[in-house]
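This is query_2.csv. It holds CSV, C-alpha atoms.
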chain,number,residue,atom,x,y,z
A,1,MET,CA,92.0,159.9,-9.8
A,2,TYR,CA,95.8,160.4,-9.9
A,3,ASN,CA,98.1,157.7,-11.0
A,4,LYS,CA,95.3,155.6,-12.4
A,5,GLY,CA,97.9,153.9,-14.6
A,6,THR,CA,99.9,152.4,-11.8
A,7,ILE,CA,97.2,151.9,-9.1
A,8,ILE,CA,94.8,149.8,-11.1
A,9,PRO,CA,97.4,147.4,-12.5
A,10,GLY,CA,99.0,147.3,-9.1
A,11,LEU,CA,95.7,146.3,-7.5
A,12,ILE,CA,95.1,143.6,-10.1
A,13,ILE,CA,98.6,142.2,-9.5
A,14,PHE,CA,98.0,142.3,-5.7
A,15,VAL,CA,94.6,140.5,-5.9
A,16,VAL,CA,96.0,137.9,-8.3
A,17,LEU,CA,99.0,137.2,-6.1
A,18,MET,CA,96.8,136.9,-3.0
A,19,LEU,CA,94.4,134.5,-4.7
A,20,PHE,CA,97.1,132.5,-6.5
A,21,ALA,CA,97.3,129.9,-3.7
A,22,ILE,CA,93.6,129.3,-3.9
A,23,PHE,CA,93.5,128.9,-7.6
A,24,ASN,CA,96.6,126.9,-7.7
A,25,ASN,CA,95.3,124.3,-5.3
A,26,ALA,CA,91.7,124.3,-6.6
A,27,GLY,CA,90.6,120.9,-7.6
A,28,THR,CA,93.6,119.0,-6.2
A,29,LYS,CA,92.7,116.4,-3.7
A,30,VAL,CA,94.4,116.6,-0.3
A,31,GLU,CA,95.0,113.4,1.4
A,32,ALA,CA,93.7,113.3,4.9
A,33,PRO,CA,96.4,112.4,7.4
A,34,LYS,CA,96.6,108.8,8.4
A,35,VAL,CA,97.2,108.3,12.1
A,36,GLU,CA,98.4,105.0,13.5
A,37,LYS,CA,95.7,103.2,15.3
A,38,PRO,CA,96.7,101.4,18.5
A,39,VAL,CA,97.2,97.7,18.3
A,40,GLY,CA,95.1,95.4,20.5
A,41,TYR,CA,92.7,98.1,21.6
A,42,LYS,CA,89.3,98.5,19.9
A,43,GLU,CA,87.5,101.1,22.0
A,44,CYS,CA,88.4,104.6,23.0
A,45,VAL,CA,87.0,106.3,26.1
A,46,LYS,CA,84.7,108.3,23.8
A,47,PRO,CA,83.3,107.7,20.3
A,48,VAL,CA,85.9,108.2,17.5
A,49,GLN,CA,84.1,111.1,16.0
A,50,TYR,CA,84.0,112.9,19.3
A,51,MET,CA,87.7,112.3,19.9
A,52,LYS,CA,88.6,113.6,16.4
A,53,GLU,CA,86.7,116.8,17.0
A,54,SER,CA,87.0,117.4,20.7
A,55,HIS,CA,89.8,115.5,22.3
A,56,MET,CA,91.3,118.8,23.4
A,57,GLU,CA,88.2,119.7,25.3
A,58,LEU,CA,88.2,116.3,27.0
A,59,LEU,CA,91.8,116.7,28.0
A,60,ASN,CA,91.0,120.1,29.5
A,61,VAL,CA,88.0,118.6,31.4
A,62,TRP,CA,90.2,115.8,32.7
A,63,ARG,CA,92.9,118.2,33.7
A,64,ASP,CA,90.5,120.3,35.8
A,65,GLU,CA,88.8,117.3,37.3
A,66,VAL,CA,92.1,115.6,38.3
A,67,ILE,CA,94.1,118.6,39.6
A,68,ARG,CA,91.4,121.0,40.8
A,69,GLU,CA,88.6,118.6,42.0
A,70,GLY,CA,90.7,115.6,42.9
A,71,LYS,CA,88.5,113.3,40.8
A,72,ARG,CA,91.1,110.8,39.9
A,73,GLU,CA,88.8,107.8,39.3
A,74,LYS,CA,89.5,105.9,36.1
A,75,VAL,CA,87.4,105.9,33.0
A,76,GLU,CA,86.3,102.7,31.4
A,77,ALA,CA,86.4,101.8,27.7
A,78,GLY,CA,85.7,98.3,26.4
A,79,GLY,CA,86.1,96.8,29.8
A,80,VAL,CA,89.5,98.3,30.5
A,81,LEU,CA,90.1,101.1,33.0
A,82,TYR,CA,92.3,104.0,32.0
A,83,ASP,CA,93.8,106.9,34.0
A,84,LYS,CA,92.4,110.3,33.2
A,85,SER,CA,95.8,111.3,32.0
A,86,LEU,CA,97.4,112.3,28.7
A,87,GLN,CA,100.7,110.5,29.3
A,88,ASN,CA,99.5,107.6,31.4
A,89,GLY,CA,96.0,107.3,29.9
A,90,CYS,CA,95.9,108.2,26.2
A,91,MET,CA,99.5,107.3,25.5
A,92,HIS,CA,98.9,103.9,27.2
A,93,CYS,CA,97.4,102.7,23.9
A,94,HIS,CA,98.5,105.4,21.5
A,95,THR,CA,102.2,104.6,22.1
A,96,SER,CA,103.7,106.9,19.5
A,97,LYS,CA,103.3,110.6,19.7
A,98,LYS,CA,105.0,111.0,16.3
A,99,LYS,CA,102.7,108.6,14.5
A,100,PHE,CA,99.5,109.7,16.3
A,101,CYS,CA,99.4,113.2,17.6
A,102,ASP,CA,101.9,114.9,15.4
A,103,VAL,CA,100.5,113.5,12.1
A,104,CYS,CA,97.3,115.5,12.5
A,105,HIS,CA,98.6,118.4,14.3
A,106,GLU,CA,101.2,119.1,11.6
A,107,PHE,CA,98.6,118.7,8.9
A,108,ALA,CA,96.3,121.2,10.6
A,109,SER,CA,99.3,123.4,11.6
A,110,VAL,CA,98.4,123.4,15.3
A,111,TYR,CA,101.2,123.2,17.8
A,112,PRO,CA,99.8,122.6,21.3
A,113,TYR,CA,102.3,122.8,24.1
A,114,CYS,CA,101.3,119.6,25.9
A,115,TRP,CA,104.7,118.1,25.4
A,116,ASP,CA,106.6,121.0,26.8
A,117,CYS,CA,105.9,119.3,30.2
A,118,HIS,CA,104.2,116.0,29.6
A,119,VAL,CA,106.5,113.2,28.8
A,120,ALA,CA,105.9,111.4,25.5
A,121,PRO,CA,106.4,107.7,25.5
A,122,GLN,CA,109.6,106.5,24.1
A,123,GLU,CA,109.1,105.9,20.4
A,124,ASP,CA,108.3,102.3,19.6
A,125,VAL,CA,108.6,101.3,23.2
A,126,ALA,CA,105.2,100.5,24.7
A,127,MET,CA,104.3,102.3,27.9
A,128,LYS,CA,104.3,99.0,29.7
A,129,GLU,CA,107.9,98.3,28.9
A,130,ALA,CA,108.9,101.8,29.9
A,131,ARG,CA,107.5,101.2,33.4
B,1,MET,CA,64.2,187.7,38.4
B,2,ASP,CA,66.1,187.8,41.6
B,3,SER,CA,64.0,185.1,43.2
B,4,SER,CA,64.3,182.8,40.2
B,5,ARG,CA,68.1,183.2,40.1
B,6,ARG,CA,68.1,182.3,43.8
B,7,LYS,CA,66.0,179.3,43.0
B,8,PHE,CA,68.2,178.2,40.2
B,9,LEU,CA,71.3,178.4,42.3
B,10,LYS,CA,69.7,176.4,45.0
B,11,ILE,CA,68.6,173.7,42.7
B,12,ALA,CA,72.0,173.7,41.0
B,13,GLY,CA,73.8,173.4,44.4
B,14,ILE,CA,71.6,170.5,45.5
B,15,SER,CA,72.0,168.7,42.3
B,16,ALA,CA,75.8,169.1,42.5
B,17,VAL,CA,75.9,167.7,46.0
B,18,ALA,CA,73.6,164.8,45.0
B,19,GLY,CA,75.6,164.2,41.8
B,20,ILE,CA,78.9,164.0,43.7
B,21,GLY,CA,77.5,162.2,46.7
B,22,ALA,CA,75.4,159.5,45.1
B,23,PRO,CA,78.1,157.5,43.2
B,24,SER,CA,80.3,157.3,46.2
B,25,ALA,CA,77.4,156.3,48.4
B,26,LEU,CA,76.5,153.7,45.8
B,27,ASN,CA,80.1,152.5,45.6
B,28,MET,CA,80.2,152.0,49.4
B,29,LEU,CA,77.1,149.9,49.2
B,30,MET,CA,78.5,147.9,46.3
B,31,LYS,CA,81.8,147.3,47.9
B,32,ASN,CA,80.2,145.9,51.0
B,33,GLU,CA,78.3,143.5,48.9
B,34,VAL,CA,81.4,142.4,47.0
B,35,ARG,CA,83.4,141.9,50.2
B,36,ALA,CA,80.7,139.9,51.8
B,37,SER,CA,80.2,137.6,48.8
B,38,SER,CA,84.0,137.0,48.3
B,39,GLU,CA,84.3,136.0,51.9
B,40,GLY,CA,81.5,133.5,51.4
B,41,ALA,CA,82.9,132.0,48.3
B,42,GLY,CA,86.6,132.1,48.8
B,43,HIS,CA,88.7,131.7,51.9
B,44,GLY,CA,85.7,131.9,54.3
B,45,ALA,CA,84.3,128.6,52.9
B,46,GLN,CA,87.7,127.0,53.2
B,47,THR,CA,88.2,128.0,56.8
B,48,ASP,CA,84.8,126.4,57.5
B,49,ALA,CA,86.2,123.2,56.3
B,50,HIS,CA,89.8,123.3,57.7
B,51,GLY,CA,90.2,126.3,59.9
B,52,ALA,CA,88.8,124.7,63.0
B,53,ALA,CA,91.7,122.4,63.3
B,54,ALA,CA,94.0,125.3,64.0
B,55,GLY,CA,92.0,126.2,67.0
B,56,HIS,CA,89.1,128.4,66.1
B,57,GLY,CA,85.8,128.3,64.2
B,58,ALA,CA,83.4,125.5,63.8
B,59,ALA,CA,84.1,121.8,64.2
B,60,PRO,CA,86.3,120.4,61.4
B,61,THR,CA,84.5,118.5,58.7
B,62,GLY,CA,86.9,118.1,55.8
B,63,LYS,CA,90.3,116.4,55.8
B,64,ARG,CA,93.5,118.3,56.5
B,65,TYR,CA,96.6,116.3,55.8
B,66,GLY,CA,99.6,117.0,57.8
B,67,MET,CA,103.0,115.5,58.7
B,68,VAL,CA,105.2,115.0,61.8
B,69,ILE,CA,108.9,114.9,61.2
B,70,ASP,CA,111.0,113.3,64.0
B,71,THR,CA,114.2,115.2,63.6
B,72,VAL,CA,116.0,113.0,66.2
B,73,LYS,CA,115.4,109.9,64.1
B,74,PHE,CA,116.7,111.6,61.0
B,75,HIS,CA,119.8,112.6,63.1
B,76,ASP,CA,120.2,109.0,64.2
B,77,ASN,CA,119.9,107.6,60.7
B,78,PRO,CA,122.5,109.3,58.5
B,79,GLY,CA,121.5,108.9,54.9
B,80,LEU,CA,117.8,108.7,55.6
B,81,ALA,CA,117.2,112.3,54.6
B,82,GLU,CA,119.0,111.8,51.3
B,83,LYS,CA,116.9,108.7,50.7
B,84,CYS,CA,113.7,110.7,51.2
B,85,ILE,CA,114.9,113.5,48.9
B,86,GLU,CA,115.9,111.1,46.2
B,87,ALA,CA,112.6,109.3,46.4
B,88,CYS,CA,110.7,112.5,45.9
B,89,HIS,CA,112.9,114.3,43.4
B,90,SER,CA,113.4,111.3,41.1
B,91,TYR,CA,109.7,110.5,40.9
B,92,PHE,CA,108.6,114.1,40.3
B,93,ASN,CA,111.3,114.8,37.7
B,94,VAL,CA,112.8,117.6,39.8
B,95,PRO,CA,115.7,119.0,37.8
B,96,ASP,CA,119.2,119.6,39.3
B,97,PHE,CA,120.6,122.6,37.6
B,98,GLY,CA,123.9,122.2,39.4
B,99,ASN,CA,124.0,125.6,40.9
B,100,LYS,CA,122.5,127.0,44.1
B,101,LYS,CA,121.0,130.0,42.5
B,102,ASP,CA,118.7,128.1,40.1
B,103,GLU,CA,118.1,125.2,42.6
B,104,ILE,CA,114.7,123.5,42.5
B,105,LYS,CA,113.7,121.7,45.7
B,106,TRP,CA,110.6,120.0,46.9
B,107,ILE,CA,112.1,118.6,50.0
B,108,TRP,CA,115.5,119.5,51.4
B,109,GLN,CA,117.5,120.1,54.6
B,110,GLU,CA,118.3,123.2,56.5
B,111,PRO,CA,120.2,123.9,59.8
B,112,PHE,CA,118.2,125.0,62.8
B,113,THR,CA,118.7,128.7,62.4
B,114,ASN,CA,117.4,128.6,58.8
B,115,ALA,CA,114.5,126.2,59.5
B,116,PHE,CA,113.3,127.9,62.7
B,117,PRO,CA,114.5,131.6,62.5
B,118,GLY,CA,113.3,133.7,65.4
B,119,ASP,CA,113.0,130.7,67.6
B,120,GLU,CA,116.4,131.4,69.3
B,121,SER,CA,114.9,132.3,72.6
B,122,HIS,CA,118.3,132.4,74.1
B,123,TYR,CA,121.6,132.7,72.4
B,124,LYS,CA,123.1,129.5,73.6
B,125,LYS,CA,121.4,126.4,72.1
B,126,ASP,CA,122.8,123.0,72.7
B,127,ASP,CA,125.4,121.7,70.2
B,128,ARG,CA,123.3,118.9,69.0
B,129,THR,CA,120.6,121.3,67.7
B,130,HIS,CA,123.1,123.3,65.9
B,131,ALA,CA,124.7,120.3,64.4
B,132,MET,CA,121.4,118.9,63.2
B,133,GLN,CA,119.9,119.3,59.8
B,134,PHE,CA,116.1,119.6,59.5
B,135,MET,CA,113.9,118.2,56.7
B,136,VAL,CA,111.9,121.0,55.3
B,137,LEU,CA,109.2,121.0,52.7
B,138,CYS,CA,106.0,122.9,51.8
B,139,ASN,CA,104.1,123.3,55.0
B,140,HIS,CA,100.7,123.0,53.3
B,141,CYS,CA,99.5,125.9,55.5
B,142,ASP,CA,96.0,126.1,56.6
B,143,ASN,CA,96.1,129.8,55.9
B,144,PRO,CA,98.4,129.8,52.8
B,145,PRO,CA,99.8,133.2,51.8
B,146,CYS,CA,100.9,131.8,48.4
B,147,VAL,CA,97.3,131.0,47.5
B,148,ARG,CA,96.2,134.5,48.3
B,149,ALA,CA,99.1,136.0,46.2
B,150,CYS,CA,98.5,133.9,43.1
B,151,PRO,CA,96.8,136.0,40.4
B,152,THR,CA,95.7,133.0,38.3
B,153,LYS,CA,94.6,130.5,41.0
B,154,ALA,CA,97.4,128.2,39.7
B,155,THR,CA,98.1,127.4,43.3
B,156,PHE,CA,95.1,126.6,45.5
B,157,LYS,CA,94.0,124.6,48.5
B,158,ASN,CA,92.2,121.4,47.5
B,159,ALA,CA,89.5,119.6,49.5
B,160,ASP,CA,92.0,117.6,51.5
B,161,GLY,CA,93.8,120.8,52.7
B,162,ILE,CA,96.8,120.2,50.3
B,163,ILE,CA,98.2,123.2,48.6
B,164,MET,CA,98.3,122.2,45.0
B,165,MET,CA,100.1,123.6,42.0
B,166,ASP,CA,98.3,123.6,38.6
B,167,PHE,CA,101.3,124.0,36.4
B,168,HIS,CA,99.0,124.6,33.4
B,169,ARG,CA,97.9,127.8,34.9
B,170,CYS,CA,101.2,129.2,36.3
B,171,ILE,CA,102.3,132.3,34.5
B,172,GLY,CA,105.6,132.5,36.3
B,173,CYS,CA,105.0,135.8,38.1
B,174,ARG,CA,106.6,134.4,41.3
B,175,PHE,CA,104.2,136.3,43.6
B,176,CYS,CA,103.8,133.0,45.5
B,177,MET,CA,107.5,132.8,46.0
B,178,ALA,CA,107.5,136.2,47.6
B,179,ALA,CA,104.5,135.3,49.7
B,180,CYS,CA,105.8,132.0,51.0
B,181,PRO,CA,107.7,132.6,54.2
B,182,TYR,CA,109.3,129.1,54.1
B,183,GLY,CA,111.1,129.3,50.7
B,184,SER,CA,109.2,126.2,49.7
B,185,ARG,CA,108.7,127.3,46.1
B,186,SER,CA,111.3,127.1,43.3
B,187,PHE,CA,111.2,128.8,39.9
B,188,ASN,CA,112.4,127.2,36.7
B,189,TRP,CA,114.8,129.8,35.4
B,190,ARG,CA,116.0,127.3,32.9
B,191,ASP,CA,114.3,124.6,30.8
B,192,PRO,CA,114.4,121.5,33.0
B,193,ARG,CA,114.6,119.3,29.9
B,194,GLY,CA,117.9,120.9,28.9
B,195,SER,CA,121.4,119.8,29.7
B,196,LYS,CA,124.7,121.3,30.7
B,197,ASP,CA,128.0,119.9,29.4
B,198,GLY,CA,126.1,116.8,28.1
B,199,VAL,CA,124.6,116.1,31.5
B,200,PRO,CA,120.8,116.4,31.5
B,201,PHE,CA,119.2,118.4,34.3
B,202,ILE,CA,116.8,115.5,35.0
B,203,LYS,CA,119.0,112.4,35.2
B,204,LYS,CA,116.3,109.9,34.3
B,205,ILE,CA,112.8,111.2,33.3
B,206,ASN,CA,110.0,109.3,35.0
B,207,PRO,CA,107.5,108.7,32.3
B,208,GLU,CA,104.6,108.6,34.8
B,209,PHE,CA,104.9,112.3,35.8
B,210,PRO,CA,105.3,115.4,33.7
B,211,THR,CA,108.4,117.6,33.8
B,212,ARG,CA,107.9,121.3,34.0
B,213,MET,CA,108.7,124.0,31.5
B,214,ARG,CA,110.8,127.1,31.8
B,215,GLY,CA,109.0,129.9,33.7
B,216,VAL,CA,106.9,127.8,36.0
B,217,VAL,CA,107.0,127.6,39.8
B,218,GLU,CA,107.0,124.3,41.5
B,219,LYS,CA,106.8,122.8,45.0
B,220,CYS,CA,105.9,119.8,47.0
B,221,SER,CA,102.4,118.5,46.5
B,222,PHE,CA,102.2,116.2,49.5
B,223,CYS,CA,102.0,113.4,46.9
B,224,ASP,CA,98.4,114.2,46.4
B,225,LEU,CA,98.1,111.7,43.6
B,226,ARG,CA,99.3,108.9,45.9
B,227,VAL,CA,97.3,110.1,48.9
B,228,LYS,CA,94.2,109.9,46.8
B,229,GLN,CA,95.0,106.2,46.2
B,230,GLY,CA,95.4,105.6,49.9
B,231,LEU,CA,99.2,105.5,49.7
B,232,GLN,CA,101.7,107.4,51.8
B,233,PRO,CA,103.8,110.2,50.3
B,234,LEU,CA,107.0,109.0,48.8
B,235,CYS,CA,109.3,110.6,51.4
B,236,VAL,CA,107.2,109.0,54.2
B,237,GLU,CA,107.4,105.7,52.4
B,238,ALA,CA,111.2,106.1,52.0
B,239,THR,CA,111.6,106.4,55.8
B,240,GLY,CA,110.2,102.9,56.1
B,241,ASP,CA,109.9,101.5,59.6
B,242,THR,CA,111.9,104.2,61.2
B,243,LYS,CA,108.7,106.3,61.7
B,244,ALA,CA,110.9,109.4,61.1
B,245,MET,CA,107.9,110.8,59.2
B,246,VAL,CA,104.3,110.3,60.0
B,247,PHE,CA,101.6,111.4,57.6
B,248,GLY,CA,97.9,111.6,58.1
B,249,ASP,CA,94.7,113.5,58.6
B,250,LEU,CA,95.0,116.1,61.3
B,251,ASN,CA,91.2,116.4,61.6
B,252,ASP,CA,90.8,112.8,62.4
B,253,PRO,CA,91.4,112.4,66.2
B,254,ASN,CA,92.1,108.7,65.7
B,255,SER,CA,94.7,109.0,63.0
B,256,GLU,CA,98.3,108.0,63.8
B,257,ILE,CA,99.5,111.6,63.3
B,258,SER,CA,96.9,112.9,65.8
B,259,GLN,CA,98.1,110.4,68.3
B,260,VAL,CA,101.7,111.4,67.8
B,261,LEU,CA,100.8,115.1,68.1
B,262,LYS,CA,99.0,114.3,71.3
B,263,ALA,CA,101.9,112.3,72.8
B,264,ARG,CA,104.9,114.3,71.8
B,265,PHE,CA,105.9,118.0,72.0
B,266,THR,CA,106.2,119.4,68.5
B,267,ILE,CA,107.0,122.8,67.0
B,268,GLN,CA,106.0,124.4,63.7
B,269,ARG,CA,108.1,126.6,61.4
B,270,LYS,CA,107.4,130.4,62.0
B,271,PRO,CA,104.1,129.8,63.8
B,272,SER,CA,103.9,133.5,64.7
B,273,LEU,CA,103.1,134.4,61.1
B,274,GLY,CA,99.7,132.8,61.4
B,275,THR,CA,100.0,130.6,58.4
B,276,MET,CA,99.2,127.5,60.5
B,277,PRO,CA,101.6,125.0,58.9
B,278,SER,CA,100.6,121.4,58.7
B,279,VAL,CA,104.1,120.1,59.1
B,280,PHE,CA,105.2,119.6,62.7
B,281,TYR,CA,108.7,118.8,64.1
B,282,ILE,CA,109.8,116.7,67.0
B,283,ILE,CA,113.1,118.3,68.1

Output the file's structure as structure tokens, nothing else.
Amino acid sequence: MYNKGTIIPGLIIFVVLMLFAIFNNAGTKVEAPKVEKPVGYKECVKPVQYMKESHMELLNVWRDEVIREGKREKVEAGGVLYDKSLQNGCMHCHTSKKKFCDVCHEFASVYPYCWDCHVAPQEDVAMKEAR
Amino acid sequence: MDSSRRKFLKIAGISAVAGIGAPSALNMLMKNEVRASSEGAGHGAQTDAHGAAAGHGAAPTGKRYGMVIDTVKFHDNPGLAEKCIEACHSYFNVPDFGNKKDEIKWIWQEPFTNAFPGDESHYKKDDRTHAMQFMVLCNHCDNPPCVRACPTKATFKNADGIIMMDFHRCIGCRFCMAACPYGSRSFNWRDPRGSKDGVPFIKKINPEFPTRMRGVVEKCSFCDLRVKQGLQPLCVEATGDTKAMVFGDLNDPNSEISQVLKARFTIQRKPSLGTMPSVFYII
């Protein structure tokens, strides 16, 4: 092998550099993001665990049902009827995009484009007041 | 040796013919199948539901929403048209970019020659017709060319005969705009959330309806979300008691719109194109 003297140390430096982030953070505890829970509402349209894992799937299903199939009937949770809608349904209770959506999305480094079109409720002003 | 060479050539020739011929024969069979099945699943099924209202096919079963616009009443009530436009555009967050080239419009006004081109059966129309402005909007055609042109099915005909836009799916190719003979579709060349000289393109964002993003086509939706709730479209509601606009199910012979269409002479925009518009005009 030619240039053994430079290649092997180079490889070692490369591997160490690449793995540095893993070793550096090993053992340190990462705080899970804390989202703001809605005030005055106890039940969501689906179990909390499902919403944590699959809320995006539910939103897609709602989108297709509402726009494509015209199924606009409301969904019930804890005796209250909600629109199958991100900005009129979800954000009815979760009144802050910054303290609810963004906290997790930024932690997980996902940037969905919902809000390019959908209108986020005005911060700290409940949907009801906005209407 | 001679005979076996002869045999070989024969077999080679036959295989060559079979080899060339068989795929194309198969292709023809396959194509027929595909065409038959796409007719069944796509537009064929829709014409079963709605096509009959336009004068051919089986009896209508589904709904087909339509509108009658009494242009005389709009002419007699100055300001009414602007009220309708404002009601629509403010609810649906339609941006005003402040220049004609980028203009977004769901419902707007056109003079006779623009609204009904090709209908100048003689070159001297009465002054009133030429002076009048006509409310125009998406015709929600029974045979919509935009739907056929859309490569992503972002625009489609729903069960009520309304031509819908699914903004989520629109890729901004603008084929639908080229296909629409009425200019009912507008493209967001700029971000509707932006502003120019400190003036936002959407004066006041309605929090109940989304805006659009740059690169999306938009158009009138016949207020499908209101129609589903049993309400009238916003423009029709804005006309109030003037009855300048009548909205309803064209397939229901007892609906108000069917009665109006039976009683009054109406015209459609560019009927010769065969798009079968659902918007009718009393001139």

* Using only C-alpha atoms, which of the listed residues (A:Glu69, A:Glu123, A:Glu53, A:Glu43) sits closest to A:Lys98? ->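 Ranking A:Glu69, A:Glu123, A:Glu53, A:Glu43 by distance to A:Lys98, first place goes to A:Glu123.
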
* Give me, as a PyMOL selection string, the contact residues of chain A against chain B at a cut-off of 12 Å, counting only C-alpha atoms. => chain A and resi 59-60+63-74+83-89+91-92+113-122+125-131

Give me a file of those residues, with C-alpha atoms, as a PDB file, in the frame of the given file.
ATOM      1  CA  LEU A  59      91.800 116.700  28.000  1.00  0.00           C
ATOM      2  CA  ASN A  60      91.000 120.100  29.500  1.00  0.00           C
ATOM      3  CA  ARG A  63      92.900 118.200  33.700  1.00  0.00           C
ATOM      4  CA  ASP A  64      90.500 120.300  35.800  1.00  0.00           C
ATOM      5  CA  GLU A  65      88.800 117.300  37.300  1.00  0.00           C
ATOM      6  CA  VAL A  66      92.100 115.600  38.300  1.00  0.00           C
ATOM      7  CA  ILE A  67      94.100 118.600  39.600  1.00  0.00           C
ATOM      8  CA  ARG A  68      91.400 121.000  40.800  1.00  0.00           C
ATOM      9  CA  GLU A  69      88.600 118.600  42.000  1.00  0.00           C
ATOM     10  CA  GLY A  70      90.700 115.600  42.900  1.00  0.00           C
ATOM     11  CA  LYS A  71      88.500 113.300  40.800  1.00  0.00           C
ATOM     12  CA  ARG A  72      91.100 110.800  39.900  1.00  0.00           C
ATOM     13  CA  GLU A  73      88.800 107.800  39.300  1.00  0.00           C
ATOM     14  CA  LYS A  74      89.500 105.900  36.100  1.00  0.00           C
ATOM     15  CA  ASP A  83      93.800 106.900  34.000  1.00  0.00           C
ATOM     16  CA  LYS A  84      92.400 110.300  33.200  1.00  0.00           C
ATOM     17  CA  SER A  85      95.800 111.300  32.000  1.00  0.00           C
ATOM     18  CA  LEU A  86      97.400 112.300  28.700  1.00  0.00           C
ATOM     19  CA  GLN A  87     100.700 110.500  29.300  1.00  0.00           C
ATOM     20  CA  ASN A  88      99.500 107.600  31.400  1.00  0.00           C
ATOM     21  CA  GLY A  89      96.000 107.300  29.900  1.00  0.00           C
ATOM     22  CA  MET A  91      99.500 107.300  25.500  1.00  0.00           C
ATOM     23  CA  HIS A  92      98.900 103.900  27.200  1.00  0.00           C
ATOM     24  CA  TYR A 113     102.300 122.800  24.100  1.00  0.00           C
ATOM     25  CA  CYS A 114     101.300 119.600  25.900  1.00  0.00           C
ATOM     26  CA  TRP A 115     104.700 118.100  25.400  1.00  0.00           C
ATOM     27  CA  ASP A 116     106.600 121.000  26.800  1.00  0.00           C
ATOM     28  CA  CYS A 117     105.900 119.300  30.200  1.00  0.00           C
ATOM     29  CA  HIS A 118     104.200 116.000  29.600  1.00  0.00           C
ATOM     30  CA  VAL A 119     106.500 113.200  28.800  1.00  0.00           C
ATOM     31  CA  ALA A 120     105.900 111.400  25.500  1.00  0.00           C
ATOM     32  CA  PRO A 121     106.400 107.700  25.500  1.00  0.00           C
ATOM     33  CA  GLN A 122     109.600 106.500  24.100  1.00  0.00           C
ATOM     34  CA  VAL A 125     108.600 101.300  23.200  1.00  0.00           C
ATOM     35  CA  ALA A 126     105.200 100.500  24.700  1.00  0.00           C
ATOM     36  CA  MET A 127     104.300 102.300  27.900  1.00  0.00           C
ATOM     37  CA  LYS A 128     104.300  99.000  29.700  1.00  0.00           C
ATOM     38  CA  GLU A 129     107.900  98.300  28.900  1.00  0.00           C
ATOM     39  CA  ALA A 130     108.900 101.800  29.900  1.00  0.00           C
ATOM     40  CA  ARG A 131     107.500 101.200  33.400  1.00  0.00           C
TER      41      ARG A 131
END

* Find the residues around stretch 28-34 of chain A up to 8 Å (only C-alpha atoms counted), leave out those fewer than 5 positions away in its own chain, and share them as a PyMOL selection string. => chain A and resi 103-104+107

* Asked: How many Å lie between atom CA of B:Ala18 and atom CA of B:Ser3, rounded to one decimal?
  -> 22.5 Å

Do you know which residues are at most 10 Å from B:Gly194 counting all atoms listed in the file, after dropping those on the same chain fewer than 5 positions away, and could you put them as a tab-separated table (two decimals) with C-alpha atoms, in the frame of the given file?
chain	number	residue	atom	x	y	z
B	95	PRO	CA	115.70	119.00	37.80
B	97	PHE	CA	120.60	122.60	37.60
B	199	VAL	CA	124.60	116.10	31.50
B	200	PRO	CA	120.80	116.40	31.50
B	201	PHE	CA	119.20	118.40	34.30
B	202	ILE	CA	116.80	115.50	35.00
B	214	ARG	CA	110.80	127.10	31.80

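For A:Val45, the residues within 9 Å (counting all atoms listed in the file, excluding itself and residues fewer than 3 positions away along the chain) are A:Val48, A:Met51, A:Val75, A:Glu76, A:Ala77, A:Gly78, A:Tyr82.
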
* To do: Skip B:Lys243 itself and residues of its chain fewer than 4 positions away, then list as a PyMOL selection string all residues within 8 Å of it, counting all atoms listed in the file.
  => chain B and resi 70+73+239

* What is the atom CA of B:Asn139 to atom CA of B:Pro277 distance in Å? -> 4.9 Å

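The interatomic distance for the pair atom CA of B:Val72 and atom CA of B:Phe280 works out to 13.1 Å.
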
* Quick one: residues within 9 Å of stretch 252-258 of chain B, all atoms listed in the file counted, chain neighbours fewer than 3 positions away excluded, as a list in words? -> Pro60, Lys63, Arg64, Gly66, Met67, Val68, Val246, Phe247, Gly248, Asp249, Leu261, Lys262 and Ala263 of chain B

Take the residues that were just selected and, keeping C-alpha atoms, output them as a compact mmCIF listing (two decimals), keeping the file's coordinate frame.
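Produced file part_31.txt, reproduced below:
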# COMPACT_ATOMS: atom_id res chain seq x y z
CA PRO B 60 86.30 120.40 61.40
CA LYS B 63 90.30 116.40 55.80
CA ARG B 64 93.50 118.30 56.50
CA GLY B 66 99.60 117.00 57.80
CA MET B 67 103.00 115.50 58.70
CA VAL B 68 105.20 115.00 61.80
CA VAL B 246 104.30 110.30 60.00
CA PHE B 247 101.60 111.40 57.60
CA GLY B 248 97.90 111.60 58.10
CA ASP B 249 94.70 113.50 58.60
CA LEU B 261 100.80 115.10 68.10
CA LYS B 262 99.00 114.30 71.30
CA ALA B 263 101.90 112.30 72.80

* So which one's closest to B:Ala87, B:Asn99, B:Met28, B:Asp142, B:Trp106? Using all atoms listed in the file, please. ->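 Checking each candidate against B:Ala87, we get B:Trp106 as the closest.
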